[in-house]
Each structure stands twice: as structure tokens, then as C-alpha cells.
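Scroll down for the structure; my scribbles are underneath it.
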Amino acid sequence: MEITDLNAYMAHLGAAARAASRRMAAAPTAAKDAALRALARRLRAGAAELAAANAPDLAAAAAAELAAPLVDRLRLTPKIIETVAEGCEQIAAMPDPVGEITHVKRRPSGISVGQMRVPLGVFGMVYESRPNVTIEAASLAIKSGNACILRGGSEALRSNLALARLVQAALVEAGLPAEAVQLVETTDRAAVGQLITMPDSVDVIIPRGGKGLIERIAREARVPVIKHLDGNCHVYVDAEVDLELAVRVTDNAKTQKVSPCNAAESLLVHGRQAPAFLPRIGAVFAAKGVQMRACPRAAQLLAGLPDVVPATEADWAEEYLAPVISIKVVESLDEAIAHIERYGSHHTDAILTANHGNAMRFLREVDSASVMVNASTRFADGFEYGLGAEIGISTDKFHARGPVGLEGLTSLKWIVLGQGEIRS
């Protein structure tokens with residue numbers, strides 16, 4: 001789409017989103033659920049139309065010689081369309097968080113004070129590659145009573161436009177404003193700069209993409225940002241541990257899928273367990289083609305295995321998103337916690353232990369969005385946490401932390417219930 005006046009265009013999107021957000025905040029649950037079910041139906045019925053819109057995006061990506069994984073993420077296959085349609089139905093079946101009243105307490109004055117869950121208002125989302133994110137963001141916005149402005153990557157513009165048309169048709173069918181979900185229809189990069197500096201129209205920005213994109217938005221935004229920059233997730237194998245459990249969980253945390261932000265990137269092993277544990281997990285990693293970047297003591301215990309290289313200082317803080325893991329032997333739980341605090345990204349960290357006291361210390365003292373005991377870091381996910389879906393992961397400490405689902409797209413306001421009480 002050719003935009004002759006970007007400022008006016010973005011201001012129009014913002015004003016329309018703000019107006020739509022007021023209607024969405026008051027929308028009954030039945031209408032929001034009807035829109036989600038209508039969207040699921042339209043996605044399935046429109047599979048051929050979506051494939052036709054997706055084809056030129058794929059062709060352009062191939063012509064531009066984008067990396068194969070990036071091209072693969074662009075595909076709107078029948079399986080992906082069915083998955084996002086099912087996701088809409090799952091969100092429709094979930095309880096509506098909006099309007100929930102909690103923590104009501106009667107005060108000596110006679111008034112009752114509590115809190116009500118309400119939508120944030122308007123969120124802007126900036127994301128790359130995956131057109132399925134358009135539906136995930138839209139469906140969460142609808143159920144949580146928000147409006148959203150979506151800015152996908154230029155490489156997926158045709159696909160995102162086709163998806164956005166289905167979303168708006170579903171909203172209108174359910175009697176809700178089409179402007180509750182709007183897509184920025186220009187590839188002009190300046191549109192992102194506009195979107196993140198519109199505090200009158202946008203309440204929060206959610207970036208989902210590479211570190212460079214998120215850093216830029218965090219640096220330049222004039223509205224709050226829900227974000228995470230890195231996913232340097234740790235697995236710590238404690239002095240007292242079930243070795244079978246430790247091997248199984250560590251293997252899953254690293255190799256079940258290496259590219260997500262919740263995959264393990266760093267392995268810490270207590271010196272007491274290192275001689276028994278490291279050769280075993282090393283053999284597993286070697287068989288799966290995982291490069292091990294090891295401290296001197298770990299390298300000695302992994303000697304004879306392929307692809308073991310010395311770790312550098314930079315490795316302890318690295319998010320590889322690849323079949324690579326850093327490995328360090330530590331002498332105590334204290335040293336493990338200190339290492340995670342210094343090099344970690346406050347995303348997800350796990351302890352594998354049979355010692356309850358150590359497990360509780362790890363939960364209390366490791367300052368991450370998700371902290372786990374005897375479980376794979378790969379569980380740090382909105383669906384796995386029972387949120388239905390997530391719009392992203394937050395490592396911030398204010399508002400939302402960890403996987404951001406429906407509740408993460410709402411806020412709390414205080415409510416007071418009285419019967420004519422006055423303050424003396």
C-alpha cells in the first residue's frame with residue numbers, strides 16, 4: 001500500500017484503535033467468543049485464499065535468498081492454518097478475565113474495597129516472519145477486550161493482509177468493531193518509529209523478533225514495552241540428584257528444539273556429580289551433534305568425545321539458538337546462583353536436585369521470570385503453563401513477567417463498594 005502521508009496514516013490507525021478499544025472493553029464475553037469462533041471458521045474456509053496470498057511472499061523470500069529457516073517460517077501450510085484456527089477455539093473456550101473482581105475486603109468505615117481486571121486498552125505489536133503471529137495476537141486481543149495495531153515484517157505483508165481481512169470480517173460478524181484489529185499496511189520502516197511513539201493512542205508495545213529489533217524498540221519507544229532481549233537459560237545439576245532424571249531433563253532442555261528462547265544454553269554441574277554426569281550427557285550431546293564449549297575441568301571429563309572446545313568468557317552469556325551449549329563445573333549451589341546472576345538473562349533457569357532445601361533456595365534466589373525444579377526449561381511457554389496461548393515472553397519485572405497470556409494483557413483497577421459512607 002502506498003502511503004503518501006505516514007504521520008496522518010498512523011494517527012488515523014491510532015485514533016480508530018482508541019475508539020475501538022472502548023467498545024471492546026465493554027463487549028460481552030459471548031460476542032468476543034463468537035468472533036473467535038467465526039475467525040476459526042473463516043480461516044478453515046479461506047485456506048485456498050490464504051495460500052494464494054502466501055505464495056508471492058514465499059517467492060519473494062526465495063528470490064531475496066532469505067535463509068531457509070526464515071522462508072519456512074513464512075509458510076501458511078494447511079497444518080499451520082488448522083493450528084491457529086484451533087487456537088482461536090481454545091481461547092474462546094477459556095474463562096474471560098475481563099470484569100473479574102477479586103480481593104474484596106470490608107473496611108472499618110463500612111466500604112468494601114477490591115480490584116477489577118480490565119483491558120490494557122490498545123497494544124501495538126511489531127513482529128517478524130511468522131504470519132501465524134497475526135492470528136495469535138488478534139485472538140488474544142479480542143478475548144482480553146483490547147484493540148491492537150499489528151506491524152508484521154515486510155516479507156509477510158501479503159499473507160498478513162489476507163489474515164487481517166479475515167479477522168476484521170469475523171469481528172463485524174460478531175457485532176464488534178473491525179478497527180479492534182488493524183494491520184499497518186505499509187512496509188515503510190518509519191511506521192515502526194511512529195507506532196512506538198504514540199502514547200495518546202497506544203498503551204503498550206510488544207516486540208517479537210530478533211534482538212536488534214527489540215533493542216531498537218526498547219531504546220526509542222515512548223510507551224511501555226513488554227519484552228525480553230535474550231534467552232540464556234541455565235540447567236544446574238546439583239550435588240544430590242537422580243542421574244537418570246538429570247540426563248533426561250538436560251537432554252530435553254537442550255535438544256527437544258534448539259531455536260526457541262526457552263532452550264537451555266548453559267549447563268552448570270556440581271563438582272561432586274560431574275565425573276558421573278558429564279560423560280553421560282556428553283555422549284548424548286555428541287550423538288545429536290551438539291557442540292560443547294567447556295571449562296577446563298568439564299573438558300577433561302568430556303575428553304574423547306567429538307566437538308568439545310574450550311569455552312571463552314563470552315560463551316557464558318551467549319544465547320546460541322543452535323546446537324551449542326556452554327558447560328561449567330561449579331563447586332556449590334552458591335557458585336551456581338552467582339554464575340546465573342552474572343551471565344543469565346532472567347528468562348528461565350532450572351535446578352535438578354534431590355535436595356529440597358537447595359530446590360527452595362534456588363526458587364527464592366534465582367531472579368528469573370520462570371524458575372524450575374526438576375523440569376525442562378522448554379516448559380516456559382504460555383500453552384504449557386495453561387494460559388491457552390501467549391503473545392510473548394517478558395523478562396521485565398513490572399506488569400507482566402514470563403509468558404504473557406490473557407491476564408498479561410489486562411490490568412487491575414481498584415473498586416470501592418459503599419452504601420452512602422462518608423469519610424469523617
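For the C-alpha cells, the naming scheme is as follows: chains receive sequential letters (A, B, ...) according to their order of presentation, residues are indexed from 1 within each chain, and ligands are indexed from 1 in presentation order.
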As a ChimeraX atom specification, please: all residues of region 36-225 of chain A that backbone DSSP puts in helix (DSSP H, G or I). /A:36-45,47-63,68-74,78-93,132-143,154-173,178-180,190-195,211-220
Selection near Gly405 (chain A), 6 Å with only C-alpha atoms, sequence-local residues under 2 positions removed, as a compact mmCIF listing (two decimals) with N, CA, C and O atoms, in the first residue's frame:
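The result, written out as selection.txt:
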# COMPACT_ATOMS: atom_id res chain seq x y z
N LEU A 387 -2.03 -21.09 29.87
CA LEU A 387 -2.54 -19.77 29.52
C LEU A 387 -3.34 -19.79 28.22
O LEU A 387 -3.88 -18.77 27.81
N ALA A 389 -2.58 -19.53 25.23
CA ALA A 389 -1.65 -19.03 24.22
C ALA A 389 -0.84 -17.92 24.87
O ALA A 389 -1.14 -17.50 25.98
N GLU A 390 0.17 -17.47 24.18
CA GLU A 390 0.95 -16.35 24.69
C GLU A 390 1.24 -15.39 23.56
O GLU A 390 1.26 -15.77 22.38
N GLU A 407 -4.25 -12.73 30.88
CA GLU A 407 -4.12 -11.87 32.06
C GLU A 407 -3.03 -10.84 31.88
O GLU A 407 -3.12 -9.73 32.39
N GLY A 408 -1.96 -11.20 31.15
CA GLY A 408 -0.89 -10.25 30.91
C GLY A 408 -1.30 -9.08 30.04
O GLY A 408 -0.62 -8.05 30.00
Enumerate, as a PyMOL selection string, the complete set of residues in region 94-336 of chain A that a backbone-based DSSP assignment places in strand (DSSP E). chain A and resi 101-106+112-119+122-127+147-151+181-183+204-208+233-237+264-270+291-294+308-310+324-330
Within 7 Å of region 327-332 of chain A using only C-alpha atoms, minus same-chain residues under 3 positions, as a PyMOL selection string: chain A and resi 266-271+274+292-295+297-298+335-336
Since we have the selection now, will you write its residues out, keeping N, CA, C and O atoms, as a short mmCIF file (atom, residue, chain, number, x, y, z; two decimals), in the first residue's frame?
data_model
loop_
_atom_site.label_atom_id
_atom_site.label_comp_id
_atom_site.auth_asym_id
_atom_site.auth_seq_id
_atom_site.Cartn_x
_atom_site.Cartn_y
_atom_site.Cartn_z
N SER A 266 23.14 -23.01 28.69
CA SER A 266 24.25 -23.15 29.63
C SER A 266 23.95 -24.29 30.61
O SER A 266 22.85 -24.39 31.14
N LEU A 267 24.96 -25.12 30.84
CA LEU A 267 24.84 -26.24 31.76
C LEU A 267 25.87 -26.08 32.87
O LEU A 267 27.07 -25.97 32.61
N LEU A 268 25.39 -26.05 34.11
CA LEU A 268 26.25 -25.98 35.28
C LEU A 268 26.13 -27.30 36.03
O LEU A 268 25.02 -27.79 36.24
N VAL A 269 27.26 -27.87 36.43
CA VAL A 269 27.26 -29.18 37.08
C VAL A 269 28.09 -29.10 38.36
O VAL A 269 29.24 -28.64 38.33
N HIS A 270 27.51 -29.55 39.47
CA HIS A 270 28.25 -29.58 40.74
C HIS A 270 29.43 -30.55 40.61
O HIS A 270 29.29 -31.63 40.02
N GLY A 271 30.55 -30.15 41.17
CA GLY A 271 31.76 -30.96 41.06
C GLY A 271 31.60 -32.38 41.56
O GLY A 271 32.25 -33.32 41.07
N ALA A 274 29.89 -34.19 38.61
CA ALA A 274 30.48 -34.03 37.28
C ALA A 274 31.11 -35.30 36.72
O ALA A 274 30.89 -35.65 35.55
N MET A 292 29.97 -28.76 22.44
CA MET A 292 30.09 -28.47 23.86
C MET A 292 31.27 -27.53 24.10
O MET A 292 32.41 -27.87 23.78
N ARG A 293 30.98 -26.35 24.62
CA ARG A 293 32.01 -25.36 24.91
C ARG A 293 32.25 -25.40 26.42
O ARG A 293 31.44 -24.90 27.21
N ALA A 294 33.36 -26.02 26.81
CA ALA A 294 33.54 -26.46 28.18
C ALA A 294 34.64 -25.70 28.91
O ALA A 294 35.65 -25.31 28.32
N CYS A 295 34.44 -25.55 30.24
CA CYS A 295 35.50 -25.05 31.10
C CYS A 295 36.59 -26.12 31.17
O CYS A 295 36.36 -27.27 30.79
N ARG A 297 37.86 -28.03 33.51
CA ARG A 297 37.53 -29.26 34.23
C ARG A 297 36.48 -30.08 33.48
O ARG A 297 36.56 -31.31 33.40
N ALA A 298 35.47 -29.41 32.93
CA ALA A 298 34.47 -30.12 32.14
C ALA A 298 35.09 -30.74 30.90
O ALA A 298 34.78 -31.88 30.54
N GLU A 335 27.80 -20.88 44.09
CA GLU A 335 28.53 -20.53 42.87
C GLU A 335 27.61 -20.60 41.66
O GLU A 335 27.68 -19.76 40.75
N ALA A 336 26.73 -21.59 41.64
CA ALA A 336 25.79 -21.72 40.52
C ALA A 336 24.86 -20.51 40.45
O ALA A 336 24.65 -19.92 39.37
#
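Residue nearest Ala162 (chain A) within the list A:Thr353, A:Asn54, A:Ser139, A:Gln300: A:Asn54 [criterion: smallest interatomic distance, only C-alpha atoms].
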What's the 10 Å shell around Met94 (chain A), counting only C-alpha atoms, without same-chain residues fewer than 3 positions away, as an mmCIF file with all heavy atoms, in the first residue's frame?
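Result file is part.cif:
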data_model
loop_
_atom_site.group_PDB
_atom_site.id
_atom_site.type_symbol
_atom_site.label_atom_id
_atom_site.label_comp_id
_atom_site.auth_asym_id
_atom_site.auth_seq_id
_atom_site.Cartn_x
_atom_site.Cartn_y
_atom_site.Cartn_z
ATOM 1 N N ASP A 33 -16.327 -14.313 22.119
ATOM 2 C CA ASP A 33 -16.182 -15.732 21.785
ATOM 3 C C ASP A 33 -16.769 -16.030 20.410
ATOM 4 O O ASP A 33 -16.232 -16.853 19.657
ATOM 5 C CB ASP A 33 -16.852 -16.596 22.849
ATOM 6 C CG ASP A 33 -16.128 -16.550 24.194
ATOM 7 O OD1 ASP A 33 -14.983 -16.070 24.216
ATOM 8 O OD2 ASP A 33 -16.715 -16.991 25.199
ATOM 9 N N GLU A 89 -10.304 -21.299 18.799
ATOM 10 C CA GLU A 89 -11.368 -22.017 19.513
ATOM 11 C C GLU A 89 -10.990 -22.287 20.961
ATOM 12 O O GLU A 89 -11.847 -22.209 21.854
ATOM 13 C CB GLU A 89 -11.667 -23.321 18.775
ATOM 14 C CG GLU A 89 -12.325 -23.089 17.411
ATOM 15 C CD GLU A 89 -12.400 -24.338 16.564
ATOM 16 O OE1 GLU A 89 -11.593 -25.269 16.786
ATOM 17 O OE2 GLU A 89 -13.260 -24.381 15.674
ATOM 18 N N GLN A 90 -9.716 -22.578 21.201
ATOM 19 C CA GLN A 90 -9.267 -22.806 22.571
ATOM 20 C C GLN A 90 -9.381 -21.535 23.406
ATOM 21 O O GLN A 90 -9.800 -21.569 24.569
ATOM 22 C CB GLN A 90 -7.829 -23.314 22.567
ATOM 23 C CG GLN A 90 -7.682 -24.737 22.044
ATOM 24 C CD GLN A 90 -6.224 -25.115 21.815
ATOM 25 O OE1 GLN A 90 -5.316 -24.299 21.993
ATOM 26 N NE2 GLN A 90 -5.995 -26.354 21.392
ATOM 27 N N ILE A 91 -9.018 -20.400 22.826
ATOM 28 C CA ILE A 91 -9.111 -19.133 23.555
ATOM 29 C C ILE A 91 -10.574 -18.784 23.810
ATOM 30 O O ILE A 91 -10.939 -18.276 24.880
ATOM 31 C CB ILE A 91 -8.382 -18.016 22.794
ATOM 32 C CG1 ILE A 91 -6.874 -18.300 22.779
ATOM 33 C CG2 ILE A 91 -8.647 -16.650 23.417
ATOM 34 C CD1 ILE A 91 -6.071 -17.373 21.903
ATOM 35 N N PRO A 97 -11.121 -13.061 31.404
ATOM 36 C CA PRO A 97 -10.547 -12.400 32.593
ATOM 37 C C PRO A 97 -11.156 -11.033 32.872
ATOM 38 O O PRO A 97 -11.059 -10.536 33.995
ATOM 39 C CB PRO A 97 -9.066 -12.268 32.226
ATOM 40 C CG PRO A 97 -9.064 -12.159 30.728
ATOM 41 C CD PRO A 97 -10.203 -13.045 30.255
ATOM 42 N N LYS A 143 -10.141 -11.592 22.935
ATOM 43 C CA LYS A 143 -10.625 -12.190 24.182
ATOM 44 C C LYS A 143 -10.354 -11.297 25.391
ATOM 45 O O LYS A 143 -11.163 -11.227 26.331
ATOM 46 C CB LYS A 143 -9.968 -13.559 24.396
ATOM 47 C CG LYS A 143 -10.464 -14.308 25.625
ATOM 48 C CD LYS A 143 -11.875 -14.870 25.423
ATOM 49 C CE LYS A 143 -12.303 -15.692 26.632
ATOM 50 N NZ LYS A 143 -13.383 -16.634 26.330
ATOM 51 N N GLY A 386 -0.746 -23.359 30.770
ATOM 52 C CA GLY A 386 -2.199 -23.318 30.873
ATOM 53 C C GLY A 386 -2.796 -21.962 30.561
ATOM 54 O O GLY A 386 -3.947 -21.694 30.920
ATOM 55 N N LEU A 387 -2.030 -21.093 29.869
ATOM 56 C CA LEU A 387 -2.540 -19.769 29.517
ATOM 57 C C LEU A 387 -3.336 -19.785 28.217
ATOM 58 O O LEU A 387 -3.883 -18.768 27.809
ATOM 59 C CB LEU A 387 -1.379 -18.768 29.379
ATOM 60 C CG LEU A 387 -0.427 -18.648 30.575
ATOM 61 C CD1 LEU A 387 0.626 -17.599 30.303
ATOM 62 C CD2 LEU A 387 -1.192 -18.335 31.849
ATOM 63 N N GLY A 388 -3.386 -20.944 27.542
ATOM 64 C CA GLY A 388 -4.086 -21.060 26.274
ATOM 65 C C GLY A 388 -3.198 -20.667 25.125
ATOM 66 O O GLY A 388 -3.072 -21.376 24.131
ATOM 67 N N LEU A 406 -3.636 -14.027 28.374
ATOM 68 C CA LEU A 406 -4.777 -13.125 28.517
ATOM 69 C C LEU A 406 -4.625 -12.198 29.717
ATOM 70 O O LEU A 406 -4.843 -10.984 29.609
ATOM 71 C CB LEU A 406 -6.070 -13.936 28.655
ATOM 72 C CG LEU A 406 -6.545 -14.670 27.400
ATOM 73 C CD1 LEU A 406 -7.732 -15.557 27.730
ATOM 74 C CD2 LEU A 406 -6.907 -13.682 26.305
#
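Note that the spacing between CA of Arg107 (chain A) and CA of Gly418 (chain A) amounts to 10.2 Å.
With only C-alpha atoms as the atoms that count, the residue of A:Ala38, A:Ile149, A:Met10, A:Leu409 with the shortest distance to Pro119 (chain A) is A:Leu409.
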Any idea what's packed within 12 Å of Arg22 (chain A), counting only C-alpha atoms, ignoring anything in its chain fewer than 4 positions away? Could you give it as a PyMOL selection string? chain A and resi 15-18+26-27+118-122+145-147+176-177+179-180+201
Would you pick out the contacts of region 375-383 of chain A at 9 Å or less, using only C-alpha atoms, so that residues sharing its chain but fewer than 2 positions from it are not included, and give the list as a count of residues only? 40
So which residues touch Glu319 (chain A) within 7 Å, counting only C-alpha atoms, skipping near sequence neighbours fewer than 5 positions away, as a PyMOL selection string? chain A and resi 230-232+265
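Rounded to one decimal, CA of Ala246 (chain A) and CA of Asn374 (chain A) lie 7.8 Å from each other.
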Using only C-alpha atoms, I'd like a table of the residues in region 131-194 of chain A that come within 12 Å of region 211-219 of chain A; for each, show the closest atom pair and its distance in Å rounded to one decimal, ordered by chain and ascending number, as CSV.
residue,atom,partner,partner_atom,distance
A:Gly153,CA,A:Leu213,CA,11.0
A:Arg189,CA,A:Leu213,CA,11.3
A:Val192,CA,A:Ile217,CA,8.4
A:Gly193,CA,A:Ile217,CA,8.1
A:Gln194,CA,A:Ile217,CA,10.9
Keeping N, CA, C and O atoms, export the residues of the selection given above as a PDB file, in the first residue's frame.
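Just written: again_39.pdb:
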ATOM      1  N   GLY A 153       6.374  -8.207   9.526  1.00  0.00           N
ATOM      2  CA  GLY A 153       7.520  -7.980   8.663  1.00  0.00           C
ATOM      3  C   GLY A 153       7.112  -7.778   7.216  1.00  0.00           C
ATOM      4  O   GLY A 153       6.096  -8.315   6.755  1.00  0.00           O
ATOM      5  N   ARG A 189       9.713   1.401   7.021  1.00  0.00           N
ATOM      6  CA  ARG A 189      10.236   1.154   8.360  1.00  0.00           C
ATOM      7  C   ARG A 189       9.924   2.291   9.327  1.00  0.00           C
ATOM      8  O   ARG A 189       9.901   2.095  10.545  1.00  0.00           O
ATOM      9  N   VAL A 192       7.214   1.890  12.127  1.00  0.00           N
ATOM     10  CA  VAL A 192       7.518   1.352  13.456  1.00  0.00           C
ATOM     11  C   VAL A 192       7.878   2.496  14.403  1.00  0.00           C
ATOM     12  O   VAL A 192       7.415   2.550  15.548  1.00  0.00           O
ATOM     13  N   GLY A 193       8.708   3.421  13.910  1.00  0.00           N
ATOM     14  CA  GLY A 193       9.081   4.577  14.725  1.00  0.00           C
ATOM     15  C   GLY A 193       7.876   5.397  15.150  1.00  0.00           C
ATOM     16  O   GLY A 193       7.834   5.924  16.262  1.00  0.00           O
ATOM     17  N   GLN A 194       6.891   5.494  14.254  1.00  0.00           N
ATOM     18  CA  GLN A 194       5.665   6.215  14.600  1.00  0.00           C
ATOM     19  C   GLN A 194       4.857   5.462  15.645  1.00  0.00           C
ATOM     20  O   GLN A 194       4.388   6.038  16.628  1.00  0.00           O
TER      21      GLN A 194
END
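Compared by their closest atoms to His339 (chain A), and using only C-alpha atoms, the residues A:Phe277, A:Phe362, A:Trp316, A:Phe285 rank with A:Trp316 nearest.
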Find the residues of region 159-263 of chain A that sit at most 10 Å from region 130-133 of chain A; for each, write down the nearest two atoms and how far apart they are in Å, to one decimal. Count only C-alpha atoms. Sort by chain, then by number going up, and give it as a tab-separated table.
residue	atom	partner	partner_atom	distance
A:Ser159	CA	A:Pro131	CA	6.4
A:Asn160	CA	A:Pro131	CA	5.7
A:Leu161	CA	A:Pro131	CA	9.5
A:Ala162	CA	A:Pro131	CA	9.9
A:Leu163	CA	A:Pro131	CA	8.1
A:Arg208	CA	A:Val133	CA	9.1
A:Gly209	CA	A:Arg130	CA	9.6
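Distance annotation: of A:Glu341, A:Leu183, A:Gly124, A:Thr4, the residue with the minimal separation from Val223 (chain A) is A:Gly124; atom set is only C-alpha atoms.
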